Amino acid sequence: MNENISCGTPFTLDETFLDKFAGKQPKWGPVGYVTYKRTYARALNPDSVPVRIYELGLRHGLKKTEEFWLTIARVVEGVFQIIQRHCAQLRLPWDAKRAQKSAQEMYRLIWEFKFSPPGRGLWMMGTDYVLKAGGAALNNCAFVSTSQIDVDFSAPFVFLMDMSMLGVGVGGDARGAGKIKLVQPEIDPIPHVIADSREGWVAAEKRVLDAFVGKDTLPAKWDASLVREKGTVIKGFGGTASGPEPLIELLNMTTALLTKRVGKKIRSTDIVDIFNMIGRCVVAGNVRRSAEIMFGDPFDDDFLELKDPSKNLAALQSHRWASNNSIFAEVGQDYAKAAELTWKNGEPGYMWLENARAFSRMGDEPDWADAGAEGGNPCLEQTLESFELCCLVETYPGFHKTYEEYERTLKFAYLYAKAVTLVPTHDPRTNAVLLRNRRIGTSQSGIVQSMNRHGRRKHFEWSDQGYDYLDDLDKEYSRWLCVPRSVKKTSVKPSGTVSLLCGATPGIHYPEAEYYFRVIRFDQASPIVKTLRAAGYTCVDIDPKKEPNTTAIYFPVKEQFFERAVTDVSMWEQLELAAQMQSYWADNQVSVTIKFDKEREGPHIKHALELYETRLKGVSFLPHENHGYEHAPYQPIDKETYERESAKLMPYDLNEADNEIIDKFCDGDKCVIPVRKKKEDASET
């Protein structure tokens, strides 16, 4: 962004308005406040938040981190400052009084959990980091293709690493298989000094990759002396440093993999492994999330078997867990082999790319709005071109009484997402797509709650009306802001921790049960553990041989507007609901993980794919199973247990808690399933 353009005094919310919320808490979901303080409340210091937010917090007695009223102030002011700056740059009209009124309404809607910015936005919006480094960190997801690796071999891999280190979930493909032959690299005796920055880490991996195609040399030694020590606070972006070990391990793993392939053409499995190794490094580097999806050819047996534990257990335990793998399915294909693997192992998932290119909503006529699309994001709610990013925002129709109320919410949810498209990133390739497409994802969560409250037909009616309203809104706002209309505007994301804040069911998915324990892991040294133990929550210190320094805390939950658990809903009904939402609401995609009975419904996945291949853009499957993991994330309980555990609980104060930055991996159902590291060891992703 051009900081030399003057936009006058940066927009701020009226402090008499903010005083109405200071010191108060919203109506949190059962694990909402803990999730917020642990994941989204930024440290209250001038290196982490704008000076104004820091001073506001001090005036109201806050100590270590933000409270929600202050986070919303940072987020809303950030949104309106973006729009204000955009108007100043283009010399467009800007009405300060109207902006103040709108900003206050946006604030109230977020406070009342009518809609939520994405986790990316709660964490980064309004920070100086965005102003200085660009808008990449505000975006949820991205996609990059390897189809051009014969032109620039390292480009897709370093894009993945760069964006993942900013918390963006990235999708990739194996289209580059067979397009380039690897060569023996020339060794440079001079050590490569790794810079202590995101750019420095990315440059080191780029050098390894380029060395094996003859575009650079491979250093004889990596010098990590400048990389800050493990545990050092990272100013600006936030979090703590991991030390250099994860990066050095990545560089060595990449070198070892490519050395074995010298003189041969790169394979689909090599491409996926490099992506996964990078994802493993980023997660170990304490970044908030490192979601990946990899797409392959439906008839590439090596790709299909990448995560078959009977053939690739060691690689699966090492790094191949880092991505969800899907195929670019084709309408009319033979699904037999892929469906059998899905039945047995839960993967691959499926994306019908031609459907995504041809259709906006599947209930409308083909418009080919996305003719240039090449893939999707890790949870597959967004169709994307290569190097494209996208911002998502969640609305909660089940928390609205009338359609008119929901329509008002849609306006401000849309405005948040559209504002993010006004912020260029640091990557020119991304800007060339993002600023042209202006793609957004206005999503719905708590869909099942909404249907239970309003009725299934009424929910579809709201979705259909709401889509038309957003279309009109995009015409109006794009004209005002003098930017292209958004190529697509709606989706259904799987949610995750954001929906936990208000207690909404995630995305389109059914609840696990009416009553259950939501089990969340914490570092044993966390002040949150001490506070919640004293407040009566069940806290279990996990065997250090399995998960060192980890405490599992059990939160009793009762679902709102409950009717049926996911185990009571057939695979077919879940598929039909996804198809209906793809028809009435989502012009991008519906992210859905279909839960199925392994014995009764598993054999019919092939038939299900044949029936729904013309009505969906993507789908994944996961069997109902008792995984046998200790302290599993969701544990159904009966009403008596819920009431007994709830009666023990007392109020608590988390003003002394630190943000622990745990929002890793993707938001989908597969990403809350624990990953076994060893036969005797299991840890939640």
# chains A, B, ... in the order shown; residues from 1 in each chain; ligands from 1

call {"tool": "residues_around", "arguments": {"residues": "A:Lys606", "least_positions_apart": "5", "cutoff": "12 Å", "atoms": "only C-alpha atoms", "output": "list in words"}}
result
Gly332, Gln333, Asp334, Tyr335, Ala336, Lys337, Ala338, Ala339, Glu340, Leu341, Thr342, Trp343, Tyr350, Glu601, Leu611, Tyr612, Glu613 and Phe621 of chain A

call {"tool": "residues_around", "arguments": {"residues": "A:Ile194", "least_positions_apart": "5", "cutoff": "9 Å", "atoms": "only C-alpha atoms", "output": "list of chain:residue names"}}
result
A:Gly200, A:Trp201, A:Ala203, A:Ala204, A:Trp222, A:Asp223, A:Ala224, A:Ser225, A:Leu226, A:Val227

call {"tool": "residues_around", "arguments": {"residues": "A:Phe11", "least_positions_apart": "6", "cutoff": "10 Å", "atoms": "only C-alpha atoms", "output": "list in words"}}
result
Val76, Glu77, Gly78, Val79, Phe80, Gln81, Ile82, Ile83, Gln84, Arg85, Ala96, Ala99, Gln100 and Ala103 of chain A

call {"tool": "closest_residue", "arguments": {"among": "A:Asp587, A:Leu410, A:Asp196, A:Ala419", "to": "A:Trp368", "atoms": "only C-alpha atoms"}}
result
A:Asp587

call {"tool": "closest_residue", "arguments": {"among": "A:Asp543, A:Lys101, A:Glu199, A:Glu559", "to": "A:Asp14", "atoms": "only C-alpha atoms"}}
result
A:Lys101

call {"tool": "select_by_dssp", "arguments": {"residues": "stretch 212-350 of chain A", "states": "helix (DSSP H, G or I)", "output": "VMD selection string"}}
result
chain A and resid 245 to 260 268 to 284 301 to 304 309 to 318 320 to 322 336 to 345

call {"tool": "residues_around", "arguments": {"residues": "A:Val51", "least_positions_apart": "4", "cutoff": "12 Å", "atoms": "only C-alpha atoms", "output": "list in words"}}
result
Leu44, Asn45, Pro46, Asp47, Glu55, Leu56, Gly57, Leu58, Arg74, Gly126, Thr127 and Asp128 of chain A

call {"tool": "closest_residue", "arguments": {"among": "A:Glu354, A:Glu643, A:Glu186, A:Asp173", "to": "A:Met294", "atoms": "only C-alpha atoms"}}
result
A:Asp173

call {"tool": "closest_atom_pairs", "arguments": {"of": "stretch 482-556 of chain A", "to": "stretch 396-401 of chain A", "cutoff": "10 Å", "atoms": "only C-alpha atoms", "output": "CSV"}}
result
residue,atom,partner,partner_atom,distance
A:Ser499,CA,A:Tyr396,CA,8.9
A:Cys502,CA,A:Tyr396,CA,9.4
A:Ala504,CA,A:Tyr396,CA,7.4
A:Thr505,CA,A:Tyr396,CA,9.4
A:Pro506,CA,A:Tyr396,CA,10.0
A:Gly507,CA,A:Tyr396,CA,9.2

call {"tool": "decode", "arguments": {"residues": "stretch 467-485 of chain A", "atoms": "N, CA, C and O atoms", "output": "PDB file, in the first residue's frame"}}
result
ATOM      1  N   TYR A 467     -28.368 -14.453  -1.839  1.00  0.00           N
ATOM      2  CA  TYR A 467     -27.420 -14.443  -2.952  1.00  0.00           C
ATOM      3  C   TYR A 467     -27.747 -13.317  -3.928  1.00  0.00           C
ATOM      4  O   TYR A 467     -26.850 -12.576  -4.370  1.00  0.00           O
ATOM      5  N   ASP A 468     -29.025 -13.178  -4.265  1.00  0.00           N
ATOM      6  CA  ASP A 468     -29.419 -12.105  -5.185  1.00  0.00           C
ATOM      7  C   ASP A 468     -29.109 -10.731  -4.592  1.00  0.00           C
ATOM      8  O   ASP A 468     -28.675  -9.811  -5.304  1.00  0.00           O
ATOM      9  N   TYR A 469     -29.311 -10.602  -3.279  1.00  0.00           N
ATOM     10  CA  TYR A 469     -29.008  -9.331  -2.610  1.00  0.00           C
ATOM     11  C   TYR A 469     -27.512  -9.028  -2.678  1.00  0.00           C
ATOM     12  O   TYR A 469     -27.111  -7.896  -2.981  1.00  0.00           O
ATOM     13  N   LEU A 470     -26.674 -10.025  -2.415  1.00  0.00           N
ATOM     14  CA  LEU A 470     -25.226  -9.820  -2.482  1.00  0.00           C
ATOM     15  C   LEU A 470     -24.790  -9.449  -3.892  1.00  0.00           C
ATOM     16  O   LEU A 470     -23.866  -8.646  -4.076  1.00  0.00           O
ATOM     17  N   ASP A 471     -25.439 -10.035  -4.886  1.00  0.00           N
ATOM     18  CA  ASP A 471     -25.111  -9.711  -6.271  1.00  0.00           C
ATOM     19  C   ASP A 471     -25.387  -8.234  -6.555  1.00  0.00           C
ATOM     20  O   ASP A 471     -24.558  -7.533  -7.162  1.00  0.00           O
ATOM     21  N   ASP A 472     -26.536  -7.741  -6.096  1.00  0.00           N
ATOM     22  CA  ASP A 472     -26.862  -6.319  -6.268  1.00  0.00           C
ATOM     23  C   ASP A 472     -25.905  -5.439  -5.476  1.00  0.00           C
ATOM     24  O   ASP A 472     -25.467  -4.382  -5.946  1.00  0.00           O
ATOM     25  N   LEU A 473     -25.571  -5.881  -4.278  1.00  0.00           N
ATOM     26  CA  LEU A 473     -24.664  -5.124  -3.427  1.00  0.00           C
ATOM     27  C   LEU A 473     -23.285  -5.001  -4.077  1.00  0.00           C
ATOM     28  O   LEU A 473     -22.651  -3.931  -4.038  1.00  0.00           O
ATOM     29  N   ASP A 474     -22.835  -6.085  -4.696  1.00  0.00           N
ATOM     30  CA  ASP A 474     -21.520  -6.057  -5.332  1.00  0.00           C
ATOM     31  C   ASP A 474     -21.493  -5.092  -6.509  1.00  0.00           C
ATOM     32  O   ASP A 474     -20.483  -4.430  -6.765  1.00  0.00           O
ATOM     33  N   LYS A 475     -22.595  -5.008  -7.239  1.00  0.00           N
ATOM     34  CA  LYS A 475     -22.677  -4.025  -8.319  1.00  0.00           C
ATOM     35  C   LYS A 475     -22.519  -2.612  -7.758  1.00  0.00           C
ATOM     36  O   LYS A 475     -21.767  -1.786  -8.291  1.00  0.00           O
ATOM     37  N   GLU A 476     -23.250  -2.338  -6.673  1.00  0.00           N
ATOM     38  CA  GLU A 476     -23.244  -0.994  -6.089  1.00  0.00           C
ATOM     39  C   GLU A 476     -21.884  -0.624  -5.516  1.00  0.00           C
ATOM     40  O   GLU A 476     -21.349   0.461  -5.793  1.00  0.00           O
ATOM     41  N   TYR A 477     -21.304  -1.505  -4.725  1.00  0.00           N
ATOM     42  CA  TYR A 477     -20.048  -1.171  -4.056  1.00  0.00           C
ATOM     43  C   TYR A 477     -18.866  -1.173  -5.012  1.00  0.00           C
ATOM     44  O   TYR A 477     -17.929  -0.378  -4.860  1.00  0.00           O
ATOM     45  N   SER A 478     -18.870  -2.077  -5.983  1.00  0.00           N
ATOM     46  CA  SER A 478     -17.776  -2.087  -6.966  1.00  0.00           C
ATOM     47  C   SER A 478     -17.783  -0.802  -7.788  1.00  0.00           C
ATOM     48  O   SER A 478     -16.723  -0.266  -8.128  1.00  0.00           O
ATOM     49  N   ARG A 479     -18.974  -0.312  -8.085  1.00  0.00           N
ATOM     50  CA  ARG A 479     -19.088   0.950  -8.813  1.00  0.00           C
ATOM     51  C   ARG A 479     -18.559   2.101  -7.968  1.00  0.00           C
ATOM     52  O   ARG A 479     -17.824   2.967  -8.464  1.00  0.00           O
ATOM     53  N   TRP A 480     -18.915   2.130  -6.676  1.00  0.00           N
ATOM     54  CA  TRP A 480     -18.429   3.196  -5.784  1.00  0.00           C
ATOM     55  C   TRP A 480     -16.908   3.149  -5.636  1.00  0.00           C
ATOM     56  O   TRP A 480     -16.225   4.174  -5.724  1.00  0.00           O
ATOM     57  N   LEU A 481     -16.371   1.947  -5.445  1.00  0.00           N
ATOM     58  CA  LEU A 481     -14.935   1.813  -5.198  1.00  0.00           C
ATOM     59  C   LEU A 481     -14.117   1.799  -6.488  1.00  0.00           C
ATOM     60  O   LEU A 481     -12.887   1.810  -6.440  1.00  0.00           O
ATOM     61  N   CYS A 482     -14.806   1.775  -7.648  1.00  0.00           N
ATOM     62  CA  CYS A 482     -14.133   1.765  -8.955  1.00  0.00           C
ATOM     63  C   CYS A 482     -13.200   0.571  -9.103  1.00  0.00           C
ATOM     64  O   CYS A 482     -12.036   0.695  -9.519  1.00  0.00           O
ATOM     65  N   VAL A 483     -13.719  -0.598  -8.740  1.00  0.00           N
ATOM     66  CA  VAL A 483     -12.961  -1.847  -8.875  1.00  0.00           C
ATOM     67  C   VAL A 483     -13.839  -2.855  -9.604  1.00  0.00           C
ATOM     68  O   VAL A 483     -15.060  -2.691  -9.685  1.00  0.00           O
ATOM     69  N   PRO A 484     -13.245  -3.920 -10.169  1.00  0.00           N
ATOM     70  CA  PRO A 484     -14.062  -4.941 -10.832  1.00  0.00           C
ATOM     71  C   PRO A 484     -15.036  -5.606  -9.863  1.00  0.00           C
ATOM     72  O   PRO A 484     -14.774  -5.692  -8.655  1.00  0.00           O
ATOM     73  N   ARG A 485     -16.132  -6.084 -10.395  1.00  0.00           N
ATOM     74  CA  ARG A 485     -17.047  -6.884  -9.586  1.00  0.00           C
ATOM     75  C   ARG A 485     -16.360  -8.195  -9.210  1.00  0.00           C
ATOM     76  O   ARG A 485     -15.494  -8.695  -9.932  1.00  0.00           O
TER      77      ARG A 485
END
